[in-house]
Amino acid sequence: MTRQDDQNKILFTTKRPDIVMSKGVGMQLWDETGKQYLDFIAGWAVNTLGHCPKVLVDCITKQAQTLINASPALYNDQHLNFASALAKVSGFDKALFCSTGAEANESAIKCARKWASLHKKGAYKIITMQHGFHGRTLATMSATGKDIFKPMFEPKVPGFIHVPFNDIQAVKDATAPDVCAVMLELIQGEGGVNCAEPDYVTELAAWCKENKILLIIDEVQTCFGRTGRLFAYEHYTFKPDIITCGKGIGSGYPLAAMLTTAEYDIFEPGEQGGTYTGQPLGMAVGHCVLREITKGGFLDHVQEMGDYLQAQLTARSEKGIQNVRGKGLLIGCDLPGKDAPKIAAACMDQGLLLNACGPETLRFIPALIAQKDDIDNALSILDRCID
Ligand SMILES: *Cc1c(COP(=O)(O)O)cnc(C)c1O
């Protein structure tokens with residue numbers, strides 16, 4: 001079945017394969033021809049609970065029949081309930097909700113600059129990491145450390161300094177009185193699943209404190225159980241000033257958030273917000289996802305499945321798989337000398353959706369409900385495709 005005419009009506013922004021998805025259940029997706037795919041991309045590390053889980057369908061149905069949208073200028077019950085529930089489990093007192101990860105990061109950038117305008121003589125520069133990714137708005141593209149972004153849409157938002165990841169000296173060298181924040185991912189997702197070293201993070205947190213620099217952790221890809229903890233920062237021994245959440249927080253529903261402490265509750269009316277902030281349907285969804293992933297054993301399962309997948313990949317060195325890395329179900333590996341995008345395309349042919357996040361790098365980001373059987377099935381398809 002080709003849908004070329006319809007495809008041509010969509011403004012081009014990315015190359016998509018010539019298949020059309022139309023149904024999902026759990027770990028499985030189906031296209032319009034009825035072909036089934038085992039989904040190890042999960043909407044790009046998004047569908048925490050899998051495709052169309054009953055608990056989420058019921059939640060959306062119930063809320064849609066009750067109140068879809070009130071007004072960003074009014075409180076609604078779901079907004080209050082989710083914010084309170086998050087504060088209870090997250091260790092942060094305050095939540096600002098929005099719809100996309102980029103928007104959450106915009107909020108964090110603005111919050112840091114606002115704080116500096118009050119407390120640090122208008123310092124505005126933010127140190128970010130090479131190969132980091134923070135979104136596709138103008139400011140978040142400016143913050144992003146991807147070389148291919150550099151020449152795009154000039155002039156970009158000024159004030160971002162890109163330094164090498166896992167290099168504390170580089171942060172120290174870039175530090176100046178006009179720096180207000182450091183922003184980074186603890187596991188660079190788009191950049192190839194690169195994990196921050198524990199010592200680096202400890203030193204970074206101490207350096208930021210010493211120098212009155214806010215530490216912003218972009219948890220858009222790592223939040224809500226992806227790494228086997230509620231947040232990735234819990235794998236380390238520090239507390240960020242601000243974290244941003246996206247992707248998995250809505251399990252497929254467009255939802256994102258900035259979380260912080262009371263100290264940074266500093267926006268004046270009109271400085272930040274949006275039409276869809278705290279809208280009831282999204283709030284009910286986020287609350288539902290939070291309830292599910294904080295149920296006893298859920299995060300242990302993520303850890304267990306992640307360890308299993310890493311062990312299985314590590315055991316495939318004779319297939320050319322190397323540098324298996326990641327936490328929970330955010331896992332990457334290299335295939336030196338092989339063409340990862342070509343392998344991912346072959347997997348899709350064979351009914352497995354897998355992401356190549358670099359020319360020689362594969363990324364595994366299945367729904368957090370993945371079972372051993374799903375992992376075994378995915379790996380047997382991958383084995384065939386590598387051969
Ligand atoms: C996906 C992602 C973003 C951007 O989120 P959008 O919802 O696409 O705007 C930002 N930061 C990280 C780490 C991401 O993985």
# chains A, B, ... in the order shown; residues from 1 in each chain; ligands from 1
call {"tool": "residues_near_ligand", "arguments": {"ligand": "ligand 1", "cutoff": "9 Å", "atoms": "only C-alpha atoms and all ligand atoms", "output": "PyMOL selection string"}}
result
chain A and resi 44-46+99-105+132-137+140+144+184-190+218-222+244-247+254-256
call {"tool": "select_by_dssp", "arguments": {"residues": "stretch 29-211 of chain A", "states": "helix (DSSP H, G or I)", "output": "PyMOL selection string"}}
result
chain A and resi 42-45+54-64+77-90+101-119+138-143+147-149+168-174+198-210
call {"tool": "residues_around", "arguments": {"residues": "stretch 71-82 of chain A", "least_positions_apart": "2", "cutoff": "7 Å", "atoms": "only C-alpha atoms", "output": "PyMOL selection string"}}
result
chain A and resi 69+84-86+275-280+283-284+287
call {"tool": "closest_residue", "arguments": {"among": "A:Lys150, A:Val157, A:Gly274, A:Leu204", "to": "A:Lys125", "atoms": "only C-alpha atoms"}}
result
A:Val157
call {"tool": "residues_around", "arguments": {"residues": "stretch 353-364 of chain A", "least_positions_apart": "6", "cutoff": "10 Å", "atoms": "only C-alpha atoms", "output": "PyMOL selection string"}}
result
chain A and resi 28-29+37-42+44-45+189-193+306+309-310+321-326+329-347+375+378+382
call {"tool": "select_by_dssp", "arguments": {"residues": "stretch 99-271 of chain A", "states": "strand (DSSP E or B)", "output": "JSON list (two decimals) with N, CA, C and O atoms, in the first residue's frame"}}
result
[["chain", "number", "residue", "atom", "x", "y", "z"],
["A", 125, "LYS", "N", 24.97, 33.45, 30.81],
["A", 125, "LYS", "CA", 25.54, 32.36, 30.00],
["A", 125, "LYS", "C", 25.28, 31.01, 30.65],
["A", 125, "LYS", "O", 25.26, 30.89, 31.88],
["A", 126, "ILE", "N", 25.08, 30.03, 29.81],
["A", 126, "ILE", "CA", 24.81, 28.68, 30.28],
["A", 126, "ILE", "C", 25.79, 27.73, 29.60],
["A", 126, "ILE", "O", 25.92, 27.73, 28.38],
["A", 127, "ILE", "N", 26.49, 26.97, 30.42],
["A", 127, "ILE", "CA", 27.43, 25.97, 29.90],
["A", 127, "ILE", "C", 26.66, 24.69, 29.60],
["A", 127, "ILE", "O", 25.94, 24.17, 30.46],
["A", 128, "THR", "N", 26.77, 24.21, 28.37],
["A", 128, "THR", "CA", 26.14, 22.94, 27.99],
["A", 128, "THR", "C", 27.20, 22.03, 27.37],
["A", 128, "THR", "O", 28.36, 22.43, 27.22],
["A", 129, "MET", "N", 26.81, 20.81, 27.06],
["A", 129, "MET", "CA", 27.79, 19.79, 26.68],
["A", 129, "MET", "C", 27.78, 19.48, 25.18],
["A", 129, "MET", "O", 26.72, 19.41, 24.58],
["A", 160, "PHE", "N", 25.29, 30.50, 25.04],
["A", 160, "PHE", "CA", 25.54, 29.09, 25.36],
["A", 160, "PHE", "C", 26.98, 28.74, 25.04],
["A", 160, "PHE", "O", 27.49, 29.06, 23.97],
["A", 161, "ILE", "N", 27.64, 28.12, 26.00],
["A", 161, "ILE", "CA", 29.04, 27.70, 25.85],
["A", 161, "ILE", "C", 29.06, 26.18, 25.83],
["A", 161, "ILE", "O", 28.63, 25.55, 26.80],
["A", 162, "HIS", "N", 29.54, 25.59, 24.75],
["A", 162, "HIS", "CA", 29.57, 24.12, 24.66],
["A", 162, "HIS", "C", 30.94, 23.61, 25.05],
["A", 162, "HIS", "O", 31.95, 24.04, 24.50],
["A", 163, "VAL", "N", 30.96, 22.69, 26.01],
["A", 163, "VAL", "CA", 32.24, 22.11, 26.45],
["A", 163, "VAL", "C", 32.16, 20.59, 26.32],
["A", 163, "VAL", "O", 31.06, 20.02, 26.25],
["A", 179, "VAL", "N", 28.39, 33.50, 33.94],
["A", 179, "VAL", "CA", 27.75, 32.19, 33.78],
["A", 179, "VAL", "C", 26.72, 31.99, 34.90],
["A", 179, "VAL", "O", 27.03, 32.16, 36.07],
["A", 180, "CYS", "N", 25.48, 31.66, 34.51],
["A", 180, "CYS", "CA", 24.43, 31.47, 35.53],
["A", 180, "CYS", "C", 24.07, 30.01, 35.74],
["A", 180, "CYS", "O", 23.49, 29.66, 36.76],
["A", 181, "ALA", "N", 24.38, 29.15, 34.78],
["A", 181, "ALA", "CA", 23.94, 27.75, 34.91],
["A", 181, "ALA", "C", 24.79, 26.82, 34.08],
["A", 181, "ALA", "O", 25.45, 27.22, 33.11],
["A", 182, "VAL", "N", 24.77, 25.55, 34.49],
["A", 182, "VAL", "CA", 25.26, 24.45, 33.66],
["A", 182, "VAL", "C", 24.05, 23.58, 33.38],
["A", 182, "VAL", "O", 23.25, 23.31, 34.29],
["A", 183, "MET", "N", 23.89, 23.18, 32.13],
["A", 183, "MET", "CA", 22.76, 22.31, 31.78],
["A", 183, "MET", "C", 23.28, 21.09, 31.04],
["A", 183, "MET", "O", 24.05, 21.23, 30.08],
["A", 184, "LEU", "N", 22.89, 19.92, 31.50],
["A", 184, "LEU", "CA", 23.35, 18.70, 30.83],
["A", 184, "LEU", "C", 22.40, 17.53, 31.06],
["A", 184, "LEU", "O", 21.57, 17.57, 31.97],
["A", 187, "ILE", "N", 22.63, 11.06, 31.02],
["A", 187, "ILE", "CA", 22.91, 10.11, 29.95],
["A", 187, "ILE", "C", 22.52, 10.80, 28.65],
["A", 187, "ILE", "O", 21.33, 11.10, 28.45],
["A", 188, "GLN", "N", 23.50, 11.11, 27.83],
["A", 188, "GLN", "CA", 23.19, 11.77, 26.56],
["A", 188, "GLN", "C", 22.48, 10.75, 25.67],
["A", 188, "GLN", "O", 23.07, 9.78, 25.21],
["A", 194, "ASN", "N", 25.66, 8.22, 26.16],
["A", 194, "ASN", "CA", 26.92, 8.47, 26.87],
["A", 194, "ASN", "C", 26.60, 8.81, 28.32],
["A", 194, "ASN", "O", 25.87, 9.76, 28.58],
["A", 195, "CYS", "N", 27.15, 8.03, 29.25],
["A", 195, "CYS", "CA", 26.82, 8.21, 30.67],
["A", 195, "CYS", "C", 27.81, 9.14, 31.34],
["A", 195, "CYS", "O", 29.02, 9.02, 31.13],
["A", 214, "LEU", "N", 23.70, 27.59, 38.78],
["A", 214, "LEU", "CA", 22.62, 26.60, 38.88],
["A", 214, "LEU", "C", 22.97, 25.36, 38.08],
["A", 214, "LEU", "O", 23.57, 25.45, 37.01],
["A", 215, "LEU", "N", 22.56, 24.21, 38.60],
["A", 215, "LEU", "CA", 22.78, 22.95, 37.91],
["A", 215, "LEU", "C", 21.43, 22.43, 37.41],
["A", 215, "LEU", "O", 20.56, 22.07, 38.21],
["A", 216, "ILE", "N", 21.29, 22.45, 36.10],
["A", 216, "ILE", "CA", 20.04, 22.03, 35.46],
["A", 216, "ILE", "C", 20.28, 20.67, 34.81],
["A", 216, "ILE", "O", 21.20, 20.53, 34.00],
["A", 217, "ILE", "N", 19.48, 19.68, 35.18],
["A", 217, "ILE", "CA", 19.62, 18.37, 34.55],
["A", 217, "ILE", "C", 18.44, 18.15, 33.60],
["A", 217, "ILE", "O", 17.27, 18.20, 34.01],
["A", 218, "ASP", "N", 18.76, 17.94, 32.34],
["A", 218, "ASP", "CA", 17.75, 17.64, 31.33],
["A", 218, "ASP", "C", 17.43, 16.15, 31.42],
["A", 218, "ASP", "O", 18.21, 15.31, 30.99],
["A", 219, "GLU", "N", 16.29, 15.85, 32.05],
["A", 219, "GLU", "CA", 15.85, 14.46, 32.21],
["A", 219, "GLU", "C", 14.71, 14.14, 31.26],
["A", 219, "GLU", "O", 13.90, 13.24, 31.52],
["A", 242, "ILE", "N", 17.37, 22.24, 39.22],
["A", 242, "ILE", "CA", 16.21, 22.17, 38.33],
["A", 242, "ILE", "C", 16.34, 20.90, 37.49],
["A", 242, "ILE", "O", 17.43, 20.58, 37.03],
["A", 243, "ILE", "N", 15.24, 20.16, 37.32],
["A", 243, "ILE", "CA", 15.26, 19.11, 36.31],
["A", 243, "ILE", "C", 14.11, 19.34, 35.33],
["A", 243, "ILE", "O", 13.09, 19.97, 35.68],
["A", 244, "THR", "N", 14.29, 18.86, 34.11],
["A", 244, "THR", "CA", 13.22, 18.94, 33.13],
["A", 244, "THR", "C", 12.83, 17.52, 32.73],
["A", 244, "THR", "O", 13.68, 16.64, 32.59],
["A", 245, "CYS", "N", 11.52, 17.32, 32.57],
["A", 245, "CYS", "CA", 10.98, 16.01, 32.21],
["A", 245, "CYS", "C", 10.19, 16.14, 30.91],
["A", 245, "CYS", "O", 9.61, 17.19, 30.64],
["A", 256, "ALA", "N", 5.15, 17.53, 29.48],
["A", 256, "ALA", "CA", 6.51, 17.78, 29.95],
["A", 256, "ALA", "C", 6.42, 18.63, 31.21],
["A", 256, "ALA", "O", 5.35, 19.17, 31.54],
["A", 257, "ALA", "N", 7.53, 18.77, 31.90],
["A", 257, "ALA", "CA", 7.51, 19.53, 33.15],
["A", 257, "ALA", "C", 8.91, 20.01, 33.52],
["A", 257, "ALA", "O", 9.90, 19.41, 33.13],
["A", 258, "MET", "N", 8.93, 21.12, 34.22],
["A", 258, "MET", "CA", 10.15, 21.55, 34.89],
["A", 258, "MET", "C", 9.89, 21.40, 36.38],
["A", 258, "MET", "O", 8.86, 21.86, 36.89],
["A", 259, "LEU", "N", 10.81, 20.74, 37.09],
["A", 259, "LEU", "CA", 10.67, 20.57, 38.54],
["A", 259, "LEU", "C", 11.80, 21.30, 39.23],
["A", 259, "LEU", "O", 12.95, 21.26, 38.79],
["A", 260, "THR", "N", 11.46, 21.96, 40.32],
["A", 260, "THR", "CA", 12.50, 22.67, 41.06],
["A", 260, "THR", "C", 12.07, 22.86, 42.52],
["A", 260, "THR", "O", 11.03, 22.35, 42.93]]
call {"tool": "atom_distance", "arguments": {"atom1": "atom CA of A:Arg291", "atom2": "atom CA of A:Gln36"}}
result
29.7 Å
call {"tool": "atom_distance", "arguments": {"atom1": "atom CA of A:Leu368", "atom2": "atom CA of A:Ile109"}}
result
29.5 Å
call {"tool": "residues_around", "arguments": {"residues": "A:Gly273", "least_positions_apart": "6", "cutoff": "9 Å", "atoms": "only C-alpha atoms", "output": "VMD selection string"}}
result
chain A and resid 72 96 to 98 107
call {"tool": "write_last_selection", "arguments": {"atoms": "N, CA and C atoms", "output": "CSV table (one decimal), in the first residue's frame"}}
result
chain,number,residue,atom,x,y,z
A,72,PRO,N,-5.8,27.9,31.4
A,72,PRO,CA,-4.5,28.0,32.2
A,72,PRO,C,-4.6,29.1,33.3
A,96,LEU,N,6.2,23.0,37.0
A,96,LEU,CA,5.7,23.8,36.0
A,96,LEU,C,5.4,22.9,34.8
A,97,PHE,N,4.2,22.8,34.3
A,97,PHE,CA,3.9,21.8,33.3
A,97,PHE,C,3.8,22.5,31.9
A,98,CYS,N,4.2,21.7,30.9
A,98,CYS,CA,4.0,22.2,29.5
A,98,CYS,C,3.9,20.9,28.6
A,107,SER,N,11.8,26.7,29.8
A,107,SER,CA,11.5,27.2,31.1
A,107,SER,C,12.7,27.2,32.0
call {"tool": "residues_around", "arguments": {"residues": "A:Leu56", "least_positions_apart": "2", "cutoff": "10 Å", "atoms": "only C-alpha atoms", "output": "list in words"}}
result
Leu49, Gly50, His51, Cys52, Pro53, Lys54, Asp58, Cys59, Ile60, Thr61, Lys62, Gly250, Ser251, Gly252, Tyr253, Ala284, Val285, Gly286, Cys288, Val289 and Glu292 of chain A
call {"tool": "write_last_selection", "arguments": {"atoms": "N, CA and C atoms", "output": "PDB file, in the first residue's frame"}}
result
ATOM      1  N   LEU A  49       4.494   2.860  29.289  1.00  0.00           N
ATOM      2  CA  LEU A  49       3.638   1.731  29.662  1.00  0.00           C
ATOM      3  C   LEU A  49       3.265   0.882  28.458  1.00  0.00           C
ATOM      4  N   GLY A  50       3.936   1.080  27.333  1.00  0.00           N
ATOM      5  CA  GLY A  50       3.597   0.329  26.121  1.00  0.00           C
ATOM      6  C   GLY A  50       2.474   1.004  25.355  1.00  0.00           C
ATOM      7  N   HIS A  51       2.043   0.341  24.280  1.00  0.00           N
ATOM      8  CA  HIS A  51       1.006   0.934  23.439  1.00  0.00           C
ATOM      9  C   HIS A  51      -0.382   0.659  24.011  1.00  0.00           C
ATOM     10  N   CYS A  52      -1.144   1.718  24.132  1.00  0.00           N
ATOM     11  CA  CYS A  52      -2.560   1.647  24.520  1.00  0.00           C
ATOM     12  C   CYS A  52      -2.836   0.762  25.742  1.00  0.00           C
ATOM     13  N   PRO A  53      -2.094   0.951  26.843  1.00  0.00           N
ATOM     14  CA  PRO A  53      -2.373   0.141  28.033  1.00  0.00           C
ATOM     15  C   PRO A  53      -3.760   0.494  28.591  1.00  0.00           C
ATOM     16  N   LYS A  54      -4.435  -0.525  29.106  1.00  0.00           N
ATOM     17  CA  LYS A  54      -5.818  -0.333  29.551  1.00  0.00           C
ATOM     18  C   LYS A  54      -5.909   0.767  30.606  1.00  0.00           C
ATOM     19  N   ASP A  58      -8.297   3.893  30.042  1.00  0.00           N
ATOM     20  CA  ASP A  58      -9.396   4.150  30.985  1.00  0.00           C
ATOM     21  C   ASP A  58      -9.281   5.547  31.586  1.00  0.00           C
ATOM     22  N   CYS A  59      -8.044   5.928  31.932  1.00  0.00           N
ATOM     23  CA  CYS A  59      -7.808   7.242  32.537  1.00  0.00           C
ATOM     24  C   CYS A  59      -8.182   8.355  31.554  1.00  0.00           C
ATOM     25  N   ILE A  60      -7.722   8.212  30.307  1.00  0.00           N
ATOM     26  CA  ILE A  60      -8.000   9.244  29.302  1.00  0.00           C
ATOM     27  C   ILE A  60      -9.501   9.315  29.024  1.00  0.00           C
ATOM     28  N   THR A  61     -10.119   8.151  28.935  1.00  0.00           N
ATOM     29  CA  THR A  61     -11.561   8.102  28.641  1.00  0.00           C
ATOM     30  C   THR A  61     -12.350   8.808  29.746  1.00  0.00           C
ATOM     31  N   LYS A  62     -12.009   8.454  30.978  1.00  0.00           N
ATOM     32  CA  LYS A  62     -12.739   9.023  32.121  1.00  0.00           C
ATOM     33  C   LYS A  62     -12.538  10.544  32.180  1.00  0.00           C
ATOM     34  N   GLY A 250       4.493  11.341  29.954  1.00  0.00           N
ATOM     35  CA  GLY A 250       3.122  11.227  29.444  1.00  0.00           C
ATOM     36  C   GLY A 250       2.845   9.899  28.764  1.00  0.00           C
ATOM     37  N   SER A 251       3.853   9.021  28.703  1.00  0.00           N
ATOM     38  CA  SER A 251       3.701   7.697  28.083  1.00  0.00           C
ATOM     39  C   SER A 251       3.034   7.769  26.708  1.00  0.00           C
ATOM     40  N   GLY A 252       3.291   8.823  25.960  1.00  0.00           N
ATOM     41  CA  GLY A 252       2.719   8.939  24.615  1.00  0.00           C
ATOM     42  C   GLY A 252       1.822  10.156  24.464  1.00  0.00           C
ATOM     43  N   TYR A 253       1.347  10.666  25.583  1.00  0.00           N
ATOM     44  CA  TYR A 253       0.567  11.906  25.563  1.00  0.00           C
ATOM     45  C   TYR A 253       1.543  13.083  25.674  1.00  0.00           C
ATOM     46  N   ALA A 284      -4.077  14.351  34.222  1.00  0.00           N
ATOM     47  CA  ALA A 284      -4.611  13.037  34.611  1.00  0.00           C
ATOM     48  C   ALA A 284      -3.709  11.938  34.068  1.00  0.00           C
ATOM     49  N   VAL A 285      -3.229  12.122  32.835  1.00  0.00           N
ATOM     50  CA  VAL A 285      -2.333  11.126  32.223  1.00  0.00           C
ATOM     51  C   VAL A 285      -1.032  11.027  33.015  1.00  0.00           C
ATOM     52  N   GLY A 286      -0.394  12.176  33.285  1.00  0.00           N
ATOM     53  CA  GLY A 286       0.875  12.165  34.017  1.00  0.00           C
ATOM     54  C   GLY A 286       0.724  11.503  35.380  1.00  0.00           C
ATOM     55  N   CYS A 288      -1.502   9.307  36.256  1.00  0.00           N
ATOM     56  CA  CYS A 288      -1.717   7.868  36.038  1.00  0.00           C
ATOM     57  C   CYS A 288      -0.381   7.171  35.787  1.00  0.00           C
ATOM     58  N   VAL A 289       0.464   7.762  34.927  1.00  0.00           N
ATOM     59  CA  VAL A 289       1.770   7.161  34.633  1.00  0.00           C
ATOM     60  C   VAL A 289       2.606   7.092  35.915  1.00  0.00           C
ATOM     61  N   GLU A 292       1.543   4.269  38.130  1.00  0.00           N
ATOM     62  CA  GLU A 292       1.953   2.955  37.617  1.00  0.00           C
ATOM     63  C   GLU A 292       3.434   2.684  37.875  1.00  0.00           C
TER      64      GLU A 292
END
call {"tool": "closest_residue", "arguments": {"among": "A:Lys327, A:Lys372, A:Lys120, A:His131", "to": "A:Thr227", "atoms": "only C-alpha atoms"}}
result
A:Lys327
call {"tool": "atom_distance", "arguments": {"atom1": "atom CA of A:Ile266", "atom2": "atom CA of A:Leu138"}}
result
23.2 Å
call {"tool": "decode", "arguments": {"residues": "stretch 171-260 of chain A", "atoms": "C-alpha atoms", "output": "tab-separated table (two decimals), in the first residue's frame"}}
result
chain	number	residue	atom	x	y	z
A	171	VAL	CA	33.64	23.44	32.86
A	172	LYS	CA	36.07	25.14	35.21
A	173	ASP	CA	37.84	26.83	32.29
A	174	ALA	CA	34.51	28.06	30.88
A	175	THR	CA	33.34	29.42	34.23
A	176	ALA	CA	33.19	33.21	34.44
A	177	PRO	CA	31.13	35.71	36.45
A	178	ASP	CA	28.57	35.92	33.60
A	179	VAL	CA	27.75	32.19	33.78
A	180	CYS	CA	24.43	31.47	35.53
A	181	ALA	CA	23.94	27.75	34.91
A	182	VAL	CA	25.26	24.45	33.66
A	183	MET	CA	22.76	22.31	31.78
A	184	LEU	CA	23.35	18.70	30.83
A	185	GLU	CA	21.90	15.24	30.39
A	186	LEU	CA	23.28	12.59	32.77
A	187	ILE	CA	22.91	10.11	29.95
A	188	GLN	CA	23.19	11.77	26.56
A	189	GLY	CA	20.38	10.02	24.70
A	190	GLU	CA	20.51	11.43	21.19
A	191	GLY	CA	24.29	11.80	21.48
A	192	GLY	CA	24.78	8.02	21.63
A	193	VAL	CA	23.87	6.91	25.19
A	194	ASN	CA	26.92	8.47	26.87
A	195	CYS	CA	26.82	8.21	30.67
A	196	ALA	CA	28.16	10.89	32.99
A	197	GLU	CA	30.91	9.52	35.26
A	198	PRO	CA	29.98	9.57	38.98
A	199	ASP	CA	33.14	11.49	39.96
A	200	TYR	CA	32.52	14.05	37.24
A	201	VAL	CA	28.99	14.67	38.46
A	202	THR	CA	30.09	14.96	42.10
A	203	GLU	CA	32.80	17.47	41.19
A	204	LEU	CA	30.47	19.36	38.88
A	205	ALA	CA	27.82	19.72	41.59
A	206	ALA	CA	30.43	20.98	44.07
A	207	TRP	CA	31.88	23.40	41.50
A	208	CYS	CA	28.44	24.82	40.71
A	209	LYS	CA	27.68	25.33	44.40
A	210	GLU	CA	31.01	27.03	45.03
A	211	ASN	CA	30.57	29.37	42.09
A	212	LYS	CA	26.87	30.19	42.50
A	213	ILE	CA	25.93	28.42	39.27
A	214	LEU	CA	22.62	26.60	38.88
A	215	LEU	CA	22.78	22.95	37.91
A	216	ILE	CA	20.04	22.03	35.46
A	217	ILE	CA	19.62	18.37	34.55
A	218	ASP	CA	17.75	17.64	31.33
A	219	GLU	CA	15.85	14.46	32.21
A	220	VAL	CA	13.54	14.66	29.22
A	221	GLN	CA	14.72	11.24	28.04
A	222	THR	CA	15.75	9.75	31.39
A	223	CYS	CA	12.82	10.69	33.64
A	224	PHE	CA	9.95	8.57	34.88
A	225	GLY	CA	11.69	5.25	35.27
A	226	ARG	CA	13.58	5.01	31.98
A	227	THR	CA	16.89	4.35	33.78
A	228	GLY	CA	15.43	2.12	36.49
A	229	ARG	CA	14.99	4.96	38.98
A	230	LEU	CA	12.28	7.61	38.93
A	231	PHE	CA	14.94	10.10	37.77
A	232	ALA	CA	18.46	9.48	36.47
A	233	TYR	CA	20.00	11.85	39.02
A	234	GLU	CA	19.09	9.32	41.72
A	235	HIS	CA	21.90	7.12	40.40
A	236	TYR	CA	24.30	9.81	41.61
A	237	THR	CA	24.95	11.52	44.93
A	238	PHE	CA	23.78	15.08	44.30
A	239	LYS	CA	20.60	17.04	43.90
A	240	PRO	CA	20.06	19.27	40.86
A	241	ASP	CA	18.54	22.74	41.25
A	242	ILE	CA	16.21	22.17	38.33
A	243	ILE	CA	15.26	19.11	36.31
A	244	THR	CA	13.22	18.94	33.13
A	245	CYS	CA	10.98	16.01	32.21
A	246	GLY	CA	9.34	15.05	28.94
A	247	LYS	CA	8.90	11.96	26.80
A	248	GLY	CA	8.07	9.16	29.29
A	249	ILE	CA	6.18	11.43	31.71
A	250	GLY	CA	3.12	11.23	29.44
A	251	SER	CA	3.70	7.70	28.08
A	252	GLY	CA	2.72	8.94	24.61
A	253	TYR	CA	0.57	11.91	25.56
A	254	PRO	CA	2.32	15.24	24.91
A	255	LEU	CA	3.40	16.28	28.39
A	256	ALA	CA	6.51	17.78	29.95
A	257	ALA	CA	7.51	19.53	33.15
A	258	MET	CA	10.15	21.55	34.89
A	259	LEU	CA	10.67	20.57	38.54
A	260	THR	CA	12.50	22.67	41.06
